[in-house]
$ cat model_18.tsv   # TSV, C-alpha atoms
chain	number	residue	atom	x	y	z
A	129	MET	CA	-59.08	11.45	-64.89
A	130	ARG	CA	-57.54	10.16	-61.70
A	131	SER	CA	-58.84	11.72	-58.53
A	132	ARG	CA	-56.71	13.60	-55.98
A	133	ILE	CA	-53.71	14.21	-58.27
A	134	HIS	CA	-54.64	17.70	-59.47
A	135	PRO	CA	-54.10	20.79	-57.29
A	136	GLN	CA	-57.19	22.54	-56.03
A	137	SER	CA	-57.92	25.82	-57.80
A	138	GLN	CA	-59.73	28.62	-56.05
A	139	PRO	CA	-60.69	32.23	-56.77
A	140	VAL	CA	-57.68	34.50	-56.13
A	141	VAL	CA	-57.19	38.25	-56.58
A	142	PHE	CA	-53.98	39.29	-58.32
A	143	ARG	CA	-53.13	42.97	-57.76
A	144	ASP	CA	-50.72	44.84	-60.03
A	145	ARG	CA	-49.04	47.37	-57.75
A	146	ALA	CA	-47.61	49.43	-60.64
A	147	ALA	CA	-50.97	50.04	-62.35
A	148	ASP	CA	-53.15	49.81	-59.22
A	149	VAL	CA	-55.38	47.24	-60.93
A	150	ALA	CA	-56.74	43.99	-59.51
A	151	PHE	CA	-57.95	40.85	-61.30
A	152	LEU	CA	-60.14	38.10	-59.86
A	153	THR	CA	-59.35	34.73	-61.43
A	154	ARG	CA	-58.94	31.09	-60.52
A	155	SER	CA	-55.51	29.87	-59.47
A	156	THR	CA	-53.73	27.18	-57.50
A	157	ALA	CA	-51.59	29.81	-55.76
A	158	HIS	CA	-52.03	30.34	-52.02
A	159	SER	CA	-51.60	33.46	-49.92
A	160	SER	CA	-52.09	34.38	-46.29
A	161	ARG	CA	-53.13	37.91	-47.26
A	162	THR	CA	-56.77	38.56	-48.15
A	163	ILE	CA	-58.81	41.32	-49.74
A	164	LYS	CA	-62.53	42.09	-49.81
A	165	TRP	CA	-63.64	42.06	-53.46
A	166	GLU	CA	-66.40	44.07	-55.18
A	167	ASP	CA	-68.91	41.24	-54.71
A	168	GLY	CA	-68.50	41.40	-50.92
A	169	ASN	CA	-66.55	38.14	-50.60
A	170	THR	CA	-63.03	37.84	-49.21
A	171	TYR	CA	-60.37	36.25	-51.44
A	172	PRO	CA	-56.65	35.51	-51.12
A	173	LEU	CA	-54.51	38.38	-52.43
A	174	ILE	CA	-51.29	38.03	-54.43
A	175	ASP	CA	-49.35	41.16	-55.38
A	176	VAL	CA	-47.51	41.04	-58.70
A	177	GLU	CA	-44.86	43.36	-60.10
A	178	ILE	CA	-46.22	43.55	-63.64
A	179	SER	CA	-49.32	42.44	-65.53
A	180	SER	CA	-51.05	43.21	-68.80
A	181	ALA	CA	-52.26	46.48	-67.24
A	182	SER	CA	-48.72	47.83	-66.78
A	183	HIS	CA	-46.53	45.91	-69.26
A	184	PRO	CA	-45.31	48.20	-72.08
A	185	PHE	CA	-46.17	45.65	-74.77
A	186	TYR	CA	-49.85	45.59	-73.78
A	187	THR	CA	-50.20	49.28	-72.94
A	188	GLY	CA	-48.64	50.44	-76.22
A	189	THR	CA	-45.95	52.52	-74.53
A	190	SER	CA	-43.04	50.35	-75.64
A	191	ARG	CA	-40.13	52.11	-77.26
A	192	VAL	CA	-38.08	50.79	-80.14
A	193	MET	CA	-34.39	51.19	-79.38
A	194	ASP	CA	-32.24	52.61	-82.13
A	195	THR	CA	-29.41	50.08	-82.33
A	196	ALA	CA	-27.42	52.21	-84.76
A	197	GLY	CA	-27.56	55.11	-82.31
A	198	ARG	CA	-26.33	52.89	-79.52
A	199	VAL	CA	-23.34	51.76	-81.58
A	200	GLU	CA	-22.50	55.36	-82.50
A	201	ARG	CA	-22.70	56.39	-78.85
A	202	PHE	CA	-20.36	53.53	-77.91
A	203	GLU	CA	-17.85	54.52	-80.60
A	204	ARG	CA	-17.97	58.18	-79.54
A	205	ARG	CA	-17.39	57.22	-75.92
A	206	TYR	CA	-14.65	54.63	-76.40
A	207	GLY	CA	-13.45	55.47	-79.90
A	208	ARG	CA	-13.00	53.23	-82.90
A	209	ALA	CA	-9.27	52.75	-82.12
A	210	ALA	CA	-10.09	50.68	-79.02
A	211	SER	CA	-12.03	48.16	-81.08
A	212	ALA	CA	-9.32	48.00	-83.81
A	213	GLN	CA	-6.61	46.94	-81.33
A	214	HIS	CA	-8.30	43.61	-80.52
$ encode --input "model_18.tsv" --output "structure tokens"
Amino acid sequence: MRSRIHPQSQPVVFRDRAADVAFLTRSTAHSSRTIKWEDGNTYPLIDVEISSASHPFYTGTSRVMDTAGRVERFERRYGRAASAQH
């Protein structure tokens, strides 16, 4: 491998604000904010909106939308006559 072409990776803490969970991992991302981790060291901190701790797919709280119910609601609201005119 050629030297000095790859970005430097470093330990970084990613904090999921929605689930109040933090993960320590290696990343090339940089941040001016820091946090003191459980091991006593200080690491850069990056806040994220969603992670596996709060995403509905991973937590098992995802809902399956009833597409037939959505169509029926649309037809009740706007009527079938509106769609027949076009």
$ closest_residue --input "model_18.tsv" --among "A:Arg145, A:Arg201, A:Lys164, A:His158" --to "A:Ala181" --atoms "all atoms listed in the file"
A:Arg145
$ axis_aligned_box --input "model_18.tsv" --around "stretch 157-161 of chain A" --padding-each-side "4 Å" --output "lines of an AutoDock Vina configuration file"
center_x = -52.4
center_y = 33.9
center_z = -51.0
size_x = 9.5
size_y = 16.1
size_z = 17.5
$ atom_distance --input "model_18.tsv" --atom1 "atom CA of A:Arg161" --atom2 "atom CA of A:Ile174"
7.4 Å
$ residues_around --input "model_18.tsv" --residues "A:Asp175" --least-positions-apart "5" --cutoff "9 Å" --atoms "only C-alpha atoms" --output "list in words"
Val141, Phe142, Arg143, Asp144, Arg145 and Ala150 of chain A
$ atom_distance --input "model_18.tsv" --atom1 "atom CA of A:Val149" --atom2 "atom CA of A:Gln136"
25.2 Å
$ residues_around --input "model_18.tsv" --residues "A:Ser155" --least-positions-apart "3" --cutoff "8 Å" --atoms "all atoms listed in the file" --output "list in words"
Ser137, Gln138, Pro139 and Val140 of chain A
$ atom_distance --input "model_18.tsv" --atom1 "atom CA of A:Ile178" --atom2 "atom CA of A:Pro135"
24.9 Å
$ decode --input "model_18.tsv" --residues "stretch 196-207 of chain A" --atoms "N, CA, C and O atoms" --output "compact mmCIF listing (two decimals), in the first residue's frame"
# COMPACT_ATOMS: atom_id res chain seq x y z
N ALA A 196 -53.87 -0.82 1.76
CA ALA A 196 -55.28 -0.83 1.36
C ALA A 196 -56.06 0.18 2.21
O ALA A 196 -56.93 0.88 1.71
N GLY A 197 -55.75 0.27 3.48
CA GLY A 197 -56.42 1.23 4.35
C GLY A 197 -56.11 2.66 3.95
O GLY A 197 -56.97 3.54 4.04
N ARG A 198 -54.92 2.91 3.48
CA ARG A 198 -54.56 4.25 3.05
C ARG A 198 -55.33 4.63 1.80
O ARG A 198 -55.77 5.77 1.65
N VAL A 199 -55.49 3.70 0.88
CA VAL A 199 -56.26 3.97 -0.34
C VAL A 199 -57.72 4.24 0.01
O VAL A 199 -58.33 5.17 -0.51
N GLU A 200 -58.28 3.43 0.89
CA GLU A 200 -59.68 3.63 1.30
C GLU A 200 -59.86 4.97 1.97
O GLU A 200 -60.86 5.66 1.74
N ARG A 201 -58.92 5.37 2.81
CA ARG A 201 -59.00 6.68 3.45
C ARG A 201 -58.96 7.80 2.42
O ARG A 201 -59.69 8.78 2.52
N PHE A 202 -58.10 7.66 1.41
CA PHE A 202 -58.01 8.66 0.35
C PHE A 202 -59.33 8.75 -0.41
O PHE A 202 -59.82 9.85 -0.69
N GLU A 203 -59.91 7.61 -0.74
CA GLU A 203 -61.17 7.61 -1.50
C GLU A 203 -62.32 8.18 -0.68
O GLU A 203 -63.20 8.85 -1.21
N ARG A 204 -62.33 7.91 0.63
CA ARG A 204 -63.36 8.50 1.49
C ARG A 204 -63.21 10.01 1.55
O ARG A 204 -64.19 10.75 1.53
N ARG A 205 -61.98 10.48 1.64
CA ARG A 205 -61.72 11.90 1.77
C ARG A 205 -62.02 12.65 0.47
O ARG A 205 -62.66 13.69 0.47
N TYR A 206 -61.55 12.14 -0.65
CA TYR A 206 -61.67 12.86 -1.91
C TYR A 206 -62.70 12.25 -2.85
O TYR A 206 -63.00 12.85 -3.88
N GLY A 207 -63.19 11.09 -2.53
CA GLY A 207 -64.23 10.46 -3.33
C GLY A 207 -63.68 9.82 -4.60
O GLY A 207 -62.67 10.21 -5.14
